[in-house]
Amino acid sequence: MTPETPGSGSTVRRILLGSQLRRLREQKGVTRQDAGYVIRASESKISRLELGRVSFKERDVDDLLTLYGVGDKTEREALLQLAREANTPGWWHRYNDVLPGWFQTYVGLEESAALIRTYELQFVPGLLQSEGYARAVIRLGNAGAAEHEIDQRVELRLQRQERLTGAEAPRLWAVVDEGALRRPIGGPEVMRGQFEHLIEMSKLPNVTIQIMPFRFGGHAAEGGAFTILRFPEQDLPDVVYVENLTGAMYLDKRDDVDTYLQAMERLCVDSATPERTVELLGDLLRET
């Protein structure tokens, strides 16, 4: 795995370690029930470990490697080191009091992704929001929150954006529905700032922005907003993130991912080109 900020890839490391433990178990012909017995846990706990949904105890990993017949010291140490790294808290954990558990998983995955493809129809994508726009959106969703909580949520969103201009920046490809851009969030001044911000962000070599115009009518993303994350580790599948009011779904089955990939490809073909999108943003800026 490539070097990362301490804790930045803990979620991906858990998934990677879990998938390797599942492969070793299946190669040895061990059932989840028998594996669970060895580490004094249930079959469902083994399932959650193999999906990377819970943290690992180094002792449990060591016992499982023995059960699976992994005797090579180098291989064992590499997997045990992965377990230690997987348990290192990410930088976003200091926002635990304002960050739902289901969204912590997304932030960890986003932090480790090499390619982020997203479609939004209600708001400008979080990674492309100006500070003023982000604050207005967060206020809408947290009407009763104290000011310091709003500040924390805005700070978290802006910190997520920093990776786009970092040394190992991911590729971001965003398709934004025209409706999101015409919805007056925060008032004219905030919207003007947001349009200017999108124009500036579109100049980054790793950022592509396209607008899905009203005039196109119905399109491929009839199910609503979604994000597809791809990782540099070849062992990891793409993950589709679909959010709702009280949680989110994380899809990694090949058939599910392929359906969303096809929808995204269609959106990119049918939307305004990146060059035309900048022109449309300029028009919106002048109209506001």
# chains A, B, ... in the order shown; residues from 1 in each chain; ligands from 1

$ closest_atom_pairs --of "stretch 85-124 of chain A" --to "stretch 133-147 of chain A" --cutoff "10 Å" --atoms "only C-alpha atoms" --output "JSON lines"
{"residue": "A:Val98", "atom": "CA", "partner": "A:Ala145", "partner_atom": "CA", "distance": 9.9}
{"residue": "A:Phe123", "atom": "CA", "partner": "A:Val137", "partner_atom": "CA", "distance": 8.0}
{"residue": "A:Val124", "atom": "CA", "partner": "A:Tyr133", "partner_atom": "CA", "distance": 8.7}

$ select_by_dssp --residues "stretch 59-118 of chain A" --states "strand (DSSP E or B)" --output "VMD selection string"
chain A and resid 115 to 118

$ closest_atom_pairs --of "stretch 202-286 of chain A" --to "stretch 9-29 of chain A" --cutoff "9 Å" --atoms "only C-alpha atoms" --output "tab-separated table"
residue	atom	partner	partner_atom	distance
A:Phe231	CA	A:Val12	CA	8.6
A:Glu233	CA	A:Leu16	CA	8.4
A:Asp235	CA	A:Leu16	CA	7.0
A:Leu236	CA	A:Leu16	CA	6.5

$ write_last_selection --atoms "N, CA, C and O atoms" --output "mmCIF file, in the first residue's frame"
data_model
loop_
_atom_site.group_PDB
_atom_site.id
_atom_site.type_symbol
_atom_site.label_atom_id
_atom_site.label_comp_id
_atom_site.auth_asym_id
_atom_site.auth_seq_id
_atom_site.Cartn_x
_atom_site.Cartn_y
_atom_site.Cartn_z
ATOM 1 N N PHE A 231 -10.349 2.769 -5.575
ATOM 2 C CA PHE A 231 -9.167 2.821 -4.728
ATOM 3 C C PHE A 231 -7.922 2.352 -5.474
ATOM 4 O O PHE A 231 -8.015 1.578 -6.436
ATOM 5 N N GLU A 233 -5.686 0.322 -4.386
ATOM 6 C CA GLU A 233 -5.408 -1.086 -4.099
ATOM 7 C C GLU A 233 -6.237 -1.980 -5.017
ATOM 8 O O GLU A 233 -7.461 -1.900 -5.030
ATOM 9 N N ASP A 235 -6.892 -5.033 -4.816
ATOM 10 C CA ASP A 235 -7.710 -6.024 -4.115
ATOM 11 C C ASP A 235 -9.079 -5.484 -3.720
ATOM 12 O O ASP A 235 -9.966 -6.259 -3.347
ATOM 13 N N LEU A 236 -9.250 -4.160 -3.778
ATOM 14 C CA LEU A 236 -10.496 -3.563 -3.304
ATOM 15 C C LEU A 236 -11.449 -3.269 -4.459
ATOM 16 O O LEU A 236 -11.051 -2.691 -5.467
#

$ atom_distance --atom1 "atom CA of A:Glu196" --atom2 "atom CA of A:Leu109"
28.3 Å

$ residues_around --residues "stretch 244-261 of chain A" --least-positions-apart "4" --cutoff "9 Å" --atoms "only C-alpha atoms" --output "list in words"
Pro100, Gly101, Trp102, Phe103, Tyr106, Ala221, Phe226, Thr227, Ile228, Pro237, Asp238, Val239, Val240, Glu265 and Arg266 of chain A

$ write_last_selection --atoms "all heavy atoms" --output "compact mmCIF listing (two decimals), in the first residue's frame"
# COMPACT_ATOMS: atom_id res chain seq x y z
N PRO A 100 -22.22 11.44 12.15
CA PRO A 100 -22.90 10.15 12.34
C PRO A 100 -21.98 8.98 12.01
O PRO A 100 -21.10 9.08 11.13
CB PRO A 100 -24.06 10.21 11.33
CG PRO A 100 -24.21 11.65 10.98
CD PRO A 100 -22.86 12.27 11.13
N GLY A 101 -22.16 7.86 12.71
CA GLY A 101 -21.30 6.70 12.49
C GLY A 101 -21.31 6.23 11.04
O GLY A 101 -20.27 5.86 10.49
N TRP A 102 -22.50 6.25 10.41
CA TRP A 102 -22.58 5.76 9.02
C TRP A 102 -21.82 6.66 8.06
O TRP A 102 -21.37 6.22 7.00
CB TRP A 102 -24.04 5.62 8.58
CG TRP A 102 -24.91 6.82 8.79
CD1 TRP A 102 -25.71 7.07 9.86
CD2 TRP A 102 -25.06 7.94 7.91
NE1 TRP A 102 -26.35 8.27 9.71
CE2 TRP A 102 -25.99 8.83 8.51
CE3 TRP A 102 -24.53 8.27 6.66
CZ2 TRP A 102 -26.38 10.02 7.93
CZ3 TRP A 102 -24.92 9.46 6.07
CH2 TRP A 102 -25.83 10.31 6.70
N PHE A 103 -21.65 7.95 8.42
CA PHE A 103 -20.92 8.86 7.53
C PHE A 103 -19.42 8.81 7.80
O PHE A 103 -18.63 9.12 6.92
CB PHE A 103 -21.44 10.29 7.68
CG PHE A 103 -20.95 11.20 6.59
CD1 PHE A 103 -21.31 10.98 5.27
CD2 PHE A 103 -20.12 12.27 6.87
CE1 PHE A 103 -20.84 11.81 4.24
CE2 PHE A 103 -19.65 13.11 5.86
CZ PHE A 103 -20.01 12.87 4.54
N TYR A 106 -17.95 6.67 5.26
CA TYR A 106 -17.77 7.32 3.96
C TYR A 106 -16.54 8.22 3.94
O TYR A 106 -15.76 8.20 2.99
CB TYR A 106 -19.00 8.16 3.58
CG TYR A 106 -18.74 8.92 2.30
CD1 TYR A 106 -18.78 8.26 1.08
CD2 TYR A 106 -18.35 10.26 2.33
CE1 TYR A 106 -18.48 8.92 -0.10
CE2 TYR A 106 -18.05 10.93 1.15
CZ TYR A 106 -18.11 10.26 -0.05
OH TYR A 106 -17.78 10.91 -1.21
N ALA A 221 -29.87 8.91 -14.29
CA ALA A 221 -29.81 8.84 -12.82
C ALA A 221 -31.19 9.03 -12.20
O ALA A 221 -31.37 9.87 -11.32
CB ALA A 221 -28.83 9.87 -12.29
N PHE A 226 -25.70 9.81 -6.12
CA PHE A 226 -24.84 8.70 -5.72
C PHE A 226 -23.39 9.07 -5.96
O PHE A 226 -23.08 10.01 -6.71
CB PHE A 226 -25.21 7.41 -6.46
CG PHE A 226 -25.00 7.48 -7.96
CD1 PHE A 226 -23.81 7.09 -8.55
CD2 PHE A 226 -26.04 7.94 -8.79
CE1 PHE A 226 -23.64 7.16 -9.93
CE2 PHE A 226 -25.87 8.01 -10.17
CZ PHE A 226 -24.66 7.62 -10.74
N THR A 227 -22.50 8.33 -5.33
CA THR A 227 -21.07 8.52 -5.50
C THR A 227 -20.40 7.16 -5.69
O THR A 227 -20.76 6.20 -5.02
CB THR A 227 -20.45 9.21 -4.26
OG1 THR A 227 -21.04 10.52 -4.11
CG2 THR A 227 -18.94 9.36 -4.39
N ILE A 228 -19.45 7.10 -6.62
CA ILE A 228 -18.69 5.87 -6.85
C ILE A 228 -17.23 6.14 -6.46
O ILE A 228 -16.63 7.11 -6.93
CB ILE A 228 -18.75 5.44 -8.33
CG1 ILE A 228 -20.20 5.31 -8.80
CG2 ILE A 228 -18.01 4.11 -8.53
CD1 ILE A 228 -20.35 5.07 -10.29
N PRO A 237 -12.73 -3.65 -4.30
CA PRO A 237 -13.71 -3.33 -5.34
C PRO A 237 -14.13 -1.87 -5.26
O PRO A 237 -13.93 -1.20 -4.24
CB PRO A 237 -14.89 -4.24 -4.98
CG PRO A 237 -14.81 -4.35 -3.48
CD PRO A 237 -13.33 -4.36 -3.16
N ASP A 238 -14.70 -1.35 -6.34
CA ASP A 238 -15.34 -0.03 -6.28
C ASP A 238 -16.48 -0.09 -5.27
O ASP A 238 -17.09 -1.14 -5.06
CB ASP A 238 -15.91 0.35 -7.65
CG ASP A 238 -14.83 0.58 -8.69
OD1 ASP A 238 -13.64 0.61 -8.33
OD2 ASP A 238 -15.18 0.74 -9.88
N VAL A 239 -16.75 1.06 -4.65
CA VAL A 239 -17.85 1.15 -3.69
C VAL A 239 -18.80 2.26 -4.13
O VAL A 239 -18.36 3.37 -4.46
CB VAL A 239 -17.34 1.45 -2.26
CG1 VAL A 239 -18.50 1.70 -1.30
CG2 VAL A 239 -16.50 0.29 -1.75
N VAL A 240 -20.09 1.96 -4.16
CA VAL A 240 -21.12 2.96 -4.46
C VAL A 240 -21.74 3.40 -3.14
O VAL A 240 -22.14 2.58 -2.32
CB VAL A 240 -22.21 2.39 -5.38
CG1 VAL A 240 -23.31 3.43 -5.61
CG2 VAL A 240 -21.62 1.96 -6.71
N GLU A 265 -21.66 6.82 -16.66
CA GLU A 265 -21.14 6.99 -18.01
C GLU A 265 -22.16 7.69 -18.90
O GLU A 265 -21.83 8.59 -19.68
CB GLU A 265 -20.77 5.63 -18.62
CG GLU A 265 -19.60 4.93 -17.94
CD GLU A 265 -18.28 5.65 -18.14
OE1 GLU A 265 -18.19 6.52 -19.03
OE2 GLU A 265 -17.33 5.34 -17.41
N ARG A 266 -23.43 7.31 -18.78
CA ARG A 266 -24.49 7.92 -19.57
C ARG A 266 -24.66 9.39 -19.20
O ARG A 266 -24.84 10.25 -20.07
CB ARG A 266 -25.80 7.15 -19.32
CG ARG A 266 -26.92 7.44 -20.26
CD ARG A 266 -26.64 6.85 -21.62
NE ARG A 266 -26.41 7.91 -22.62
CZ ARG A 266 -25.92 7.69 -23.81
NH1 ARG A 266 -25.58 6.49 -24.20
NH2 ARG A 266 -25.74 8.69 -24.65

$ atom_distance --atom1 "atom CA of A:Ala225" --atom2 "atom CA of A:Leu121"
6.2 Å

$ closest_residue --among "A:Met201, A:Leu172, A:Val30, A:Val70" --to "A:Glu43" --atoms "only C-alpha atoms"
A:Val30

$ residues_around --residues "A:Pro188" --least-positions-apart "6" --cutoff "10 Å" --atoms "only C-alpha atoms" --output "list in words"
Gln194, Leu285, Glu287 and Thr288 of chain A

$ closest_atom_pairs --of "stretch 134-235 of chain A" --to "stretch 270-280 of chain A" --cutoff "12 Å" --atoms "only C-alpha atoms" --output "Markdown table"
| residue | atom | partner | partner_atom | distance |
| --- | --- | --- | --- | --- |
| A:Trp173 | CA | A:Pro274 | CA | 10.1 |
| A:Ala174 | CA | A:Pro274 | CA | 10.0 |
| A:Val175 | CA | A:Ser271 | CA | 7.6 |
| A:Val176 | CA | A:Ser271 | CA | 9.0 |
| A:Asp177 | CA | A:Ser271 | CA | 8.9 |
| A:Glu178 | CA | A:Leu280 | CA | 9.6 |
| A:Leu181 | CA | A:Leu280 | CA | 10.3 |
| A:Arg182 | CA | A:Leu280 | CA | 11.5 |
| A:Phe195 | CA | A:Val278 | CA | 9.4 |
| A:Glu196 | CA | A:Val278 | CA | 10.0 |
| A:His197 | CA | A:Val278 | CA | 11.2 |
| A:Leu198 | CA | A:Val278 | CA | 8.4 |
| A:Ile199 | CA | A:Val278 | CA | 6.1 |
| A:Glu200 | CA | A:Val278 | CA | 9.5 |
| A:Met201 | CA | A:Val278 | CA | 10.3 |
| A:Ser202 | CA | A:Val278 | CA | 7.6 |
| A:Lys203 | CA | A:Val278 | CA | 9.5 |
| A:Leu204 | CA | A:Pro274 | CA | 12.0 |
| A:Pro205 | CA | A:Pro274 | CA | 11.9 |
| A:Val207 | CA | A:Pro274 | CA | 9.8 |
| A:Thr208 | CA | A:Pro274 | CA | 6.5 |
| A:Ile209 | CA | A:Pro274 | CA | 5.7 |
| A:Gln210 | CA | A:Pro274 | CA | 5.2 |
| A:Ile211 | CA | A:Ala272 | CA | 5.5 |
| A:Met212 | CA | A:Ser271 | CA | 4.5 |
| A:Pro213 | CA | A:Ser271 | CA | 6.7 |
| A:Phe214 | CA | A:Ser271 | CA | 9.9 |
| A:Arg215 | CA | A:Ser271 | CA | 10.3 |
| A:Phe216 | CA | A:Asp270 | CA | 7.8 |
| A:Gly217 | CA | A:Asp270 | CA | 10.4 |
| A:Gly218 | CA | A:Asp270 | CA | 10.5 |
| A:His219 | CA | A:Asp270 | CA | 8.0 |
| A:Ala220 | CA | A:Asp270 | CA | 8.9 |
| A:Ala221 | CA | A:Asp270 | CA | 11.1 |

$ closest_residue --among "A:Ala35, A:Ala78, A:Ala86, A:Leu156" --to "A:Ser55" --atoms "only C-alpha atoms"
A:Ala86
